[in-house]
Amino acid sequence: MALLTPYWGLDGIVVVLSLIAAAYMYMTRKFKYWEKQGVVEFSPTPFLGNFGECLMQKKSPPEFIKDMYDKGKGLPYVGVYIFDKPVFLVRDPELVKLILVKDFHVFSDKYASVDEKDRIGYANVFLMKNPGWKVLRAKLTPFFTSGKLKRMHELMLMVADDLDRHLETLHLDGAGNEVEMKDLCANFTTDLIGSTAYGLRVNSLNDPKAEFREQGRKIFNYNILRGFELLSVFFIPDIVKYTHATFFSKEFGQYLRNVFWDVFNARVKSGEKRCDLIDLLMDLRQKYGSENDMGGFKFDGDDLVGQAAAFFTGGFETSSTTMSFTLYELAVNQEIQRTLRKEILDALEESGGKITYDMIATLPYLDKVISETLRKYPPLGFLDRRSNADYKLPNSDLVLKKGTPVYIPMMGLHYDPEYFPEPEKFDPERFSDENKQKRPNNVYFPFGDGPRLCIGMRLGLMQSKLGVVQLLRKYEVTPCKQTPIPMVLNPKGLTTTCLGGLYLNVRKITSEAG
């Protein structure tokens, strides 16, 4: 005689079914939360919510959030579930402005998070929570003044020359050769950020297996495990204290920790000044390293290394993504490429062949091209926030409870035909002064907006533009057999990344300026 029935096997079935029923009731207990608040919601799947395709890595996070945006057409916002967690997804540009700018004090923190014990991942300007974020942001801002960027530009020109020499070794005369552009661009931007942030001659262009570059590859190597780890950081942060998911791998964290302190201590000993990130962090450590009341942040130890990690990651990945997608679109839109090359060559003729800081900053058609690339391929295609207090939406009875996750579908807005007709078409003229004035505000924000606007935006744009100018002044890019047409994004990628390689044919042209 078993405990519940005459048979132990039947007892087991009853227990298992009871556990399944209990789990089902627990995981669906919050469903209808949004419906009860008067918010349109999409029917969630038990245990997964609306998150199934993203969790199974069949769809990238930016595309998942864009799909939710598209389904809510005509609505100012919709309700979504990640597992059983109610999530607020914003569609209305005016509400975007309130969250990112006007009512920033309520939404100053990102929803994404890692364990506070992981100081390299947690205590950096990208993920840090308030009040530490506010202190940190203010202290790091001087790194991006116009004067500092102009000095960095001189360092960047040496890396641009390295790119030129590297391309010469690829024998691109005549019909040219196929080149994997994403890796080439990442080698270039790794060398740039190594020089401008760390004062290192990384030399990835000549040695693609350089350790600095190899470590960079591992950050965005989207295998199943790494993909889930980053998904949990951005969409299920409540579990990271149990799973110990990290924003940076432990191997990368230890590598960068060693590199950072080697460079830092050598700089202290030599007294050398390069006006780079290391110099800034040295000054901050000297001024504030002994202070303990910095909002949970300390200018020492892994909290300092965290800034180096964030700048390295953001510095090479976002710029190389923008540069490679720009070259891809120029390859499949030859007339646009010819127009841009003419602008570049005319400017170089005026400057005697020198790529100046002012040239990079002021070429109008180049700016339109890069802006259109960032519309179609924003490096991180969504923004996440968390309400720090109960928040009543204007002209509504809806109150977002404290702690509610809020997602802003950047890619959804960027592809909305109401704001960008024929959104799949690559059209730089969308960013003419006339067309920009016709568009509502807060429908285009590839670097975010408000106080939490990407701190490295100007540096990232300068890197991407420099790479495009240096390549197009001598070379033509065209599609090849391996070019992905249409573009397919990596479903495992947290960032906007091409699935597989991004191959183009690169051919040296016969005339150039200077």
# chains A, B, ... in the order shown; residues from 1 in each chain; ligands from 1
>>> closest_atom_pairs(of="region 224-337 of chain A", to="region 474-496 of chain A", cutoff="12 Å", atoms="only C-alpha atoms", output="tab-separated table")
residue	atom	partner	partner_atom	distance
A:Ile224	CA	A:Lys492	CA	7.3
A:Leu225	CA	A:Lys492	CA	9.9
A:Arg226	CA	A:Lys492	CA	8.9
A:Gly227	CA	A:Lys492	CA	5.7
A:Phe228	CA	A:Lys492	CA	8.4
A:Glu229	CA	A:Leu494	CA	10.3
A:Leu230	CA	A:Leu494	CA	7.0
A:Leu231	CA	A:Leu494	CA	7.3
A:Ser232	CA	A:Leu494	CA	10.8
A:Val233	CA	A:Leu494	CA	10.4
A:Phe234	CA	A:Leu494	CA	8.9
A:Phe235	CA	A:Leu494	CA	10.8
A:Phe247	CA	A:Leu494	CA	11.5
A:Thr313	CA	A:Thr495	CA	11.7
A:Gly314	CA	A:Thr495	CA	10.9
A:Glu317	CA	A:Thr495	CA	9.1
A:Thr318	CA	A:Thr495	CA	8.6
A:Ser319	CA	A:Thr496	CA	11.9
A:Ser320	CA	A:Thr496	CA	11.3
A:Thr321	CA	A:Thr496	CA	7.7
A:Thr322	CA	A:Thr496	CA	9.6
A:Ser324	CA	A:Val477	CA	11.0
A:Phe325	CA	A:Met487	CA	9.7
A:Thr326	CA	A:Val477	CA	10.7
A:Leu327	CA	A:Val477	CA	7.0
A:Tyr328	CA	A:Pro479	CA	7.9
A:Glu329	CA	A:Thr478	CA	9.4
A:Leu330	CA	A:Val477	CA	7.2
A:Ala331	CA	A:Thr478	CA	4.3
A:Val332	CA	A:Pro479	CA	6.3
A:Asn333	CA	A:Thr478	CA	8.8
A:Gln334	CA	A:Thr478	CA	7.7
A:Glu335	CA	A:Thr478	CA	11.5
A:Ile336	CA	A:Val477	CA	11.7
A:Gln337	CA	A:Glu476	CA	8.2
>>> select_by_dssp(residues="region 391-474 of chain A", states="strand (DSSP E)", output="list in words")
Tyr391, Lys392, Val399, Leu400, Pro405, Val406, Tyr407 and Ile408 of chain A
>>> write_last_selection(atoms="N, CA and C atoms", output="mmCIF file, in the first residue's frame")
data_model
loop_
_atom_site.group_PDB
_atom_site.id
_atom_site.type_symbol
_atom_site.label_atom_id
_atom_site.label_comp_id
_atom_site.auth_asym_id
_atom_site.auth_seq_id
_atom_site.Cartn_x
_atom_site.Cartn_y
_atom_site.Cartn_z
ATOM 1 N N TYR A 391 5.135 55.593 -10.434
ATOM 2 C CA TYR A 391 5.117 56.666 -11.439
ATOM 3 C C TYR A 391 3.769 56.666 -12.148
ATOM 4 N N LYS A 392 3.048 57.777 -12.009
ATOM 5 C CA LYS A 392 1.759 57.925 -12.687
ATOM 6 C C LYS A 392 1.983 58.531 -14.055
ATOM 7 N N VAL A 399 -0.500 53.606 -13.142
ATOM 8 C CA VAL A 399 0.643 53.843 -12.267
ATOM 9 C C VAL A 399 1.617 52.680 -12.423
ATOM 10 N N LEU A 400 2.850 53.003 -12.834
ATOM 11 C CA LEU A 400 3.899 51.983 -12.865
ATOM 12 C C LEU A 400 4.444 51.826 -11.465
ATOM 13 N N PRO A 405 10.159 46.907 -14.710
ATOM 14 C CA PRO A 405 11.084 47.018 -15.850
ATOM 15 C C PRO A 405 10.415 47.773 -17.001
ATOM 16 N N VAL A 406 11.164 48.667 -17.627
ATOM 17 C CA VAL A 406 10.669 49.449 -18.758
ATOM 18 C C VAL A 406 11.639 49.259 -19.924
ATOM 19 N N TYR A 407 11.104 48.891 -21.083
ATOM 20 C CA TYR A 407 11.941 48.732 -22.274
ATOM 21 C C TYR A 407 11.491 49.721 -23.354
ATOM 22 N N ILE A 408 12.480 50.323 -24.005
ATOM 23 C CA ILE A 408 12.229 51.265 -25.078
ATOM 24 C C ILE A 408 12.778 50.653 -26.367
#
>>> closest_residue(among="A:Ala309, A:Phe264, A:Val469, A:Val443", to="Lys354 (chain A)", atoms="only C-alpha atoms")
A:Val469
>>> atom_distance(atom1="CA of Leu100 (chain A)", atom2="CA of Leu393 (chain A)")
13.8 Å
>>> atom_distance(atom1="CA of Ser108 (chain A)", atom2="CA of Tyr77 (chain A)")
19.6 Å
>>> residues_around(residues="Asp173 (chain A)", least_positions_apart="5", cutoff="10 Å", atoms="only C-alpha atoms", output="PyMOL selection string")
chain A and resi 168+475+506-510
>>> atom_distance(atom1="CA of Phe83 (chain A)", atom2="CA of Phe47 (chain A)")
5.5 Å
>>> closest_residue(among="A:Glu154, A:Glu211, A:Asp276, A:Glu429", to="Met462 (chain A)", atoms="only C-alpha atoms")
A:Glu154
>>> select_by_dssp(residues="region 421-490 of chain A", states="helix (DSSP H, G or I)", output="PyMOL selection string")
chain A and resi 428-431+433-438+450-452+457-472
>>> residues_around(residues="Phe311 (chain A)", least_positions_apart="4", cutoff="8 Å", atoms="only C-alpha atoms", output="PDB file with N, CA, C and O atoms, in the first residue's frame")
ATOM      1  N   ILE A 193      41.237  51.888 -29.756  1.00  0.00           N
ATOM      2  CA  ILE A 193      40.911  52.035 -28.330  1.00  0.00           C
ATOM      3  C   ILE A 193      42.108  51.644 -27.474  1.00  0.00           C
ATOM      4  O   ILE A 193      42.322  52.188 -26.384  1.00  0.00           O
ATOM      5  N   ALA A 197      42.867  54.818 -25.165  1.00  0.00           N
ATOM      6  CA  ALA A 197      42.455  54.587 -23.783  1.00  0.00           C
ATOM      7  C   ALA A 197      43.585  54.060 -22.910  1.00  0.00           C
ATOM      8  O   ALA A 197      43.694  54.415 -21.742  1.00  0.00           O
ATOM      9  N   GLN A 307      35.978  50.610 -15.378  1.00  0.00           N
ATOM     10  CA  GLN A 307      35.893  51.683 -16.390  1.00  0.00           C
ATOM     11  C   GLN A 307      36.730  51.309 -17.611  1.00  0.00           C
ATOM     12  O   GLN A 307      36.319  51.528 -18.753  1.00  0.00           O
ATOM     13  N   GLY A 315      34.269  50.759 -26.852  1.00  0.00           N
ATOM     14  CA  GLY A 315      35.113  51.465 -27.800  1.00  0.00           C
ATOM     15  C   GLY A 315      35.388  50.691 -29.063  1.00  0.00           C
ATOM     16  O   GLY A 315      35.423  51.262 -30.156  1.00  0.00           O
ATOM     17  N   GLY A 456      30.460  57.848 -24.553  1.00  0.00           N
ATOM     18  CA  GLY A 456      31.502  57.763 -25.575  1.00  0.00           C
ATOM     19  C   GLY A 456      31.000  58.004 -26.982  1.00  0.00           C
ATOM     20  O   GLY A 456      31.685  57.662 -27.944  1.00  0.00           O
TER      21      GLY A 456
END
>>> residues_around(residues="Val135 (chain A)", least_positions_apart="4", cutoff="12 Å", atoms="only C-alpha atoms", output="short mmCIF file (atom, residue, chain, number, x, y, z; two decimals) with N, CA and C atoms, in the first residue's frame")
data_model
loop_
_atom_site.label_atom_id
_atom_site.label_comp_id
_atom_site.auth_asym_id
_atom_site.auth_seq_id
_atom_site.Cartn_x
_atom_site.Cartn_y
_atom_site.Cartn_z
N ALA A 123 30.37 47.91 -11.39
CA ALA A 123 30.76 49.28 -11.04
C ALA A 123 31.38 50.01 -12.22
N ASN A 124 30.76 49.91 -13.39
CA ASN A 124 31.24 50.70 -14.54
C ASN A 124 30.14 51.65 -14.97
N VAL A 125 30.52 52.64 -15.75
CA VAL A 125 29.58 53.72 -16.09
C VAL A 125 28.41 53.22 -16.92
N MET A 128 26.35 50.82 -13.76
CA MET A 128 26.30 51.29 -12.37
C MET A 128 24.95 51.92 -12.04
N LYS A 129 24.46 51.65 -10.83
CA LYS A 129 23.22 52.23 -10.34
C LYS A 129 23.51 53.53 -9.58
N ASN A 130 22.47 54.33 -9.42
CA ASN A 130 22.60 55.53 -8.60
C ASN A 130 22.63 55.15 -7.11
N PRO A 131 23.28 56.01 -6.28
CA PRO A 131 23.87 57.31 -6.60
C PRO A 131 25.30 57.24 -7.17
N LYS A 139 32.65 62.47 -13.13
CA LYS A 139 34.12 62.44 -13.08
C LYS A 139 34.73 61.98 -14.40
N LEU A 140 34.01 61.16 -15.16
CA LEU A 140 34.57 60.64 -16.42
C LEU A 140 34.31 61.55 -17.62
N THR A 141 33.32 62.42 -17.51
CA THR A 141 32.96 63.28 -18.64
C THR A 141 34.13 64.08 -19.21
N LEU A 284 41.95 60.62 -10.89
CA LEU A 284 40.78 60.39 -10.04
C LEU A 284 41.14 59.55 -8.82
N TYR A 288 40.45 61.04 -5.23
CA TYR A 288 39.28 60.51 -4.53
C TYR A 288 39.46 59.08 -4.01
N ASP A 293 32.61 57.81 0.70
CA ASP A 293 31.23 58.20 0.47
C ASP A 293 31.04 58.65 -0.98
N MET A 294 31.10 57.71 -1.91
CA MET A 294 30.98 58.03 -3.33
C MET A 294 29.79 57.29 -3.94
N GLY A 295 28.74 57.10 -3.16
CA GLY A 295 27.54 56.44 -3.67
C GLY A 295 27.72 54.97 -3.97
N GLY A 296 28.60 54.32 -3.23
CA GLY A 296 28.83 52.90 -3.46
C GLY A 296 29.93 52.62 -4.44
N PHE A 297 30.63 53.66 -4.88
CA PHE A 297 31.73 53.50 -5.81
C PHE A 297 33.02 53.97 -5.16
N LYS A 298 34.13 53.34 -5.54
CA LYS A 298 35.42 53.73 -5.00
C LYS A 298 36.42 53.82 -6.15
N PHE A 299 37.17 54.92 -6.20
CA PHE A 299 38.15 55.10 -7.28
C PHE A 299 39.42 54.32 -6.98
#
>>> residues_around(residues="Leu502 (chain A)", least_positions_apart="4", cutoff="6 Å", atoms="only C-alpha atoms", output="PDB file with N, CA and C atoms, in the first residue's frame")
ATOM      1  N   GLU A 180      36.677  39.760 -44.980  1.00  0.00           N
ATOM      2  CA  GLU A 180      35.678  39.693 -43.907  1.00  0.00           C
ATOM      3  C   GLU A 180      35.742  41.018 -43.137  1.00  0.00           C
ATOM      4  N   MET A 181      34.745  41.881 -43.364  1.00  0.00           N
ATOM      5  CA  MET A 181      34.827  43.264 -42.910  1.00  0.00           C
ATOM      6  C   MET A 181      34.630  43.430 -41.416  1.00  0.00           C
ATOM      7  N   LYS A 182      33.797  42.604 -40.805  1.00  0.00           N
ATOM      8  CA  LYS A 182      33.555  42.792 -39.376  1.00  0.00           C
ATOM      9  C   LYS A 182      34.838  42.578 -38.584  1.00  0.00           C
TER      10      LYS A 182
END
>>> closest_residue(among="A:Asp367, A:Glu434, A:Glu272, A:Asp397", to="Gln37 (chain A)", atoms="only C-alpha atoms")
A:Asp397
>>> residues_around(residues="Pro142 (chain A)", least_positions_apart="3", cutoff="12 Å", atoms="only C-alpha atoms", output="list in words")
Leu136, Arg137, Ala138, Lys139, Thr145, Ser146, Gly147, Lys148, Leu149, Cys275, Asp276, Leu277, Asp279, Leu280, Leu281, Asp283, Leu284, Ile455 and Gly456 of chain A
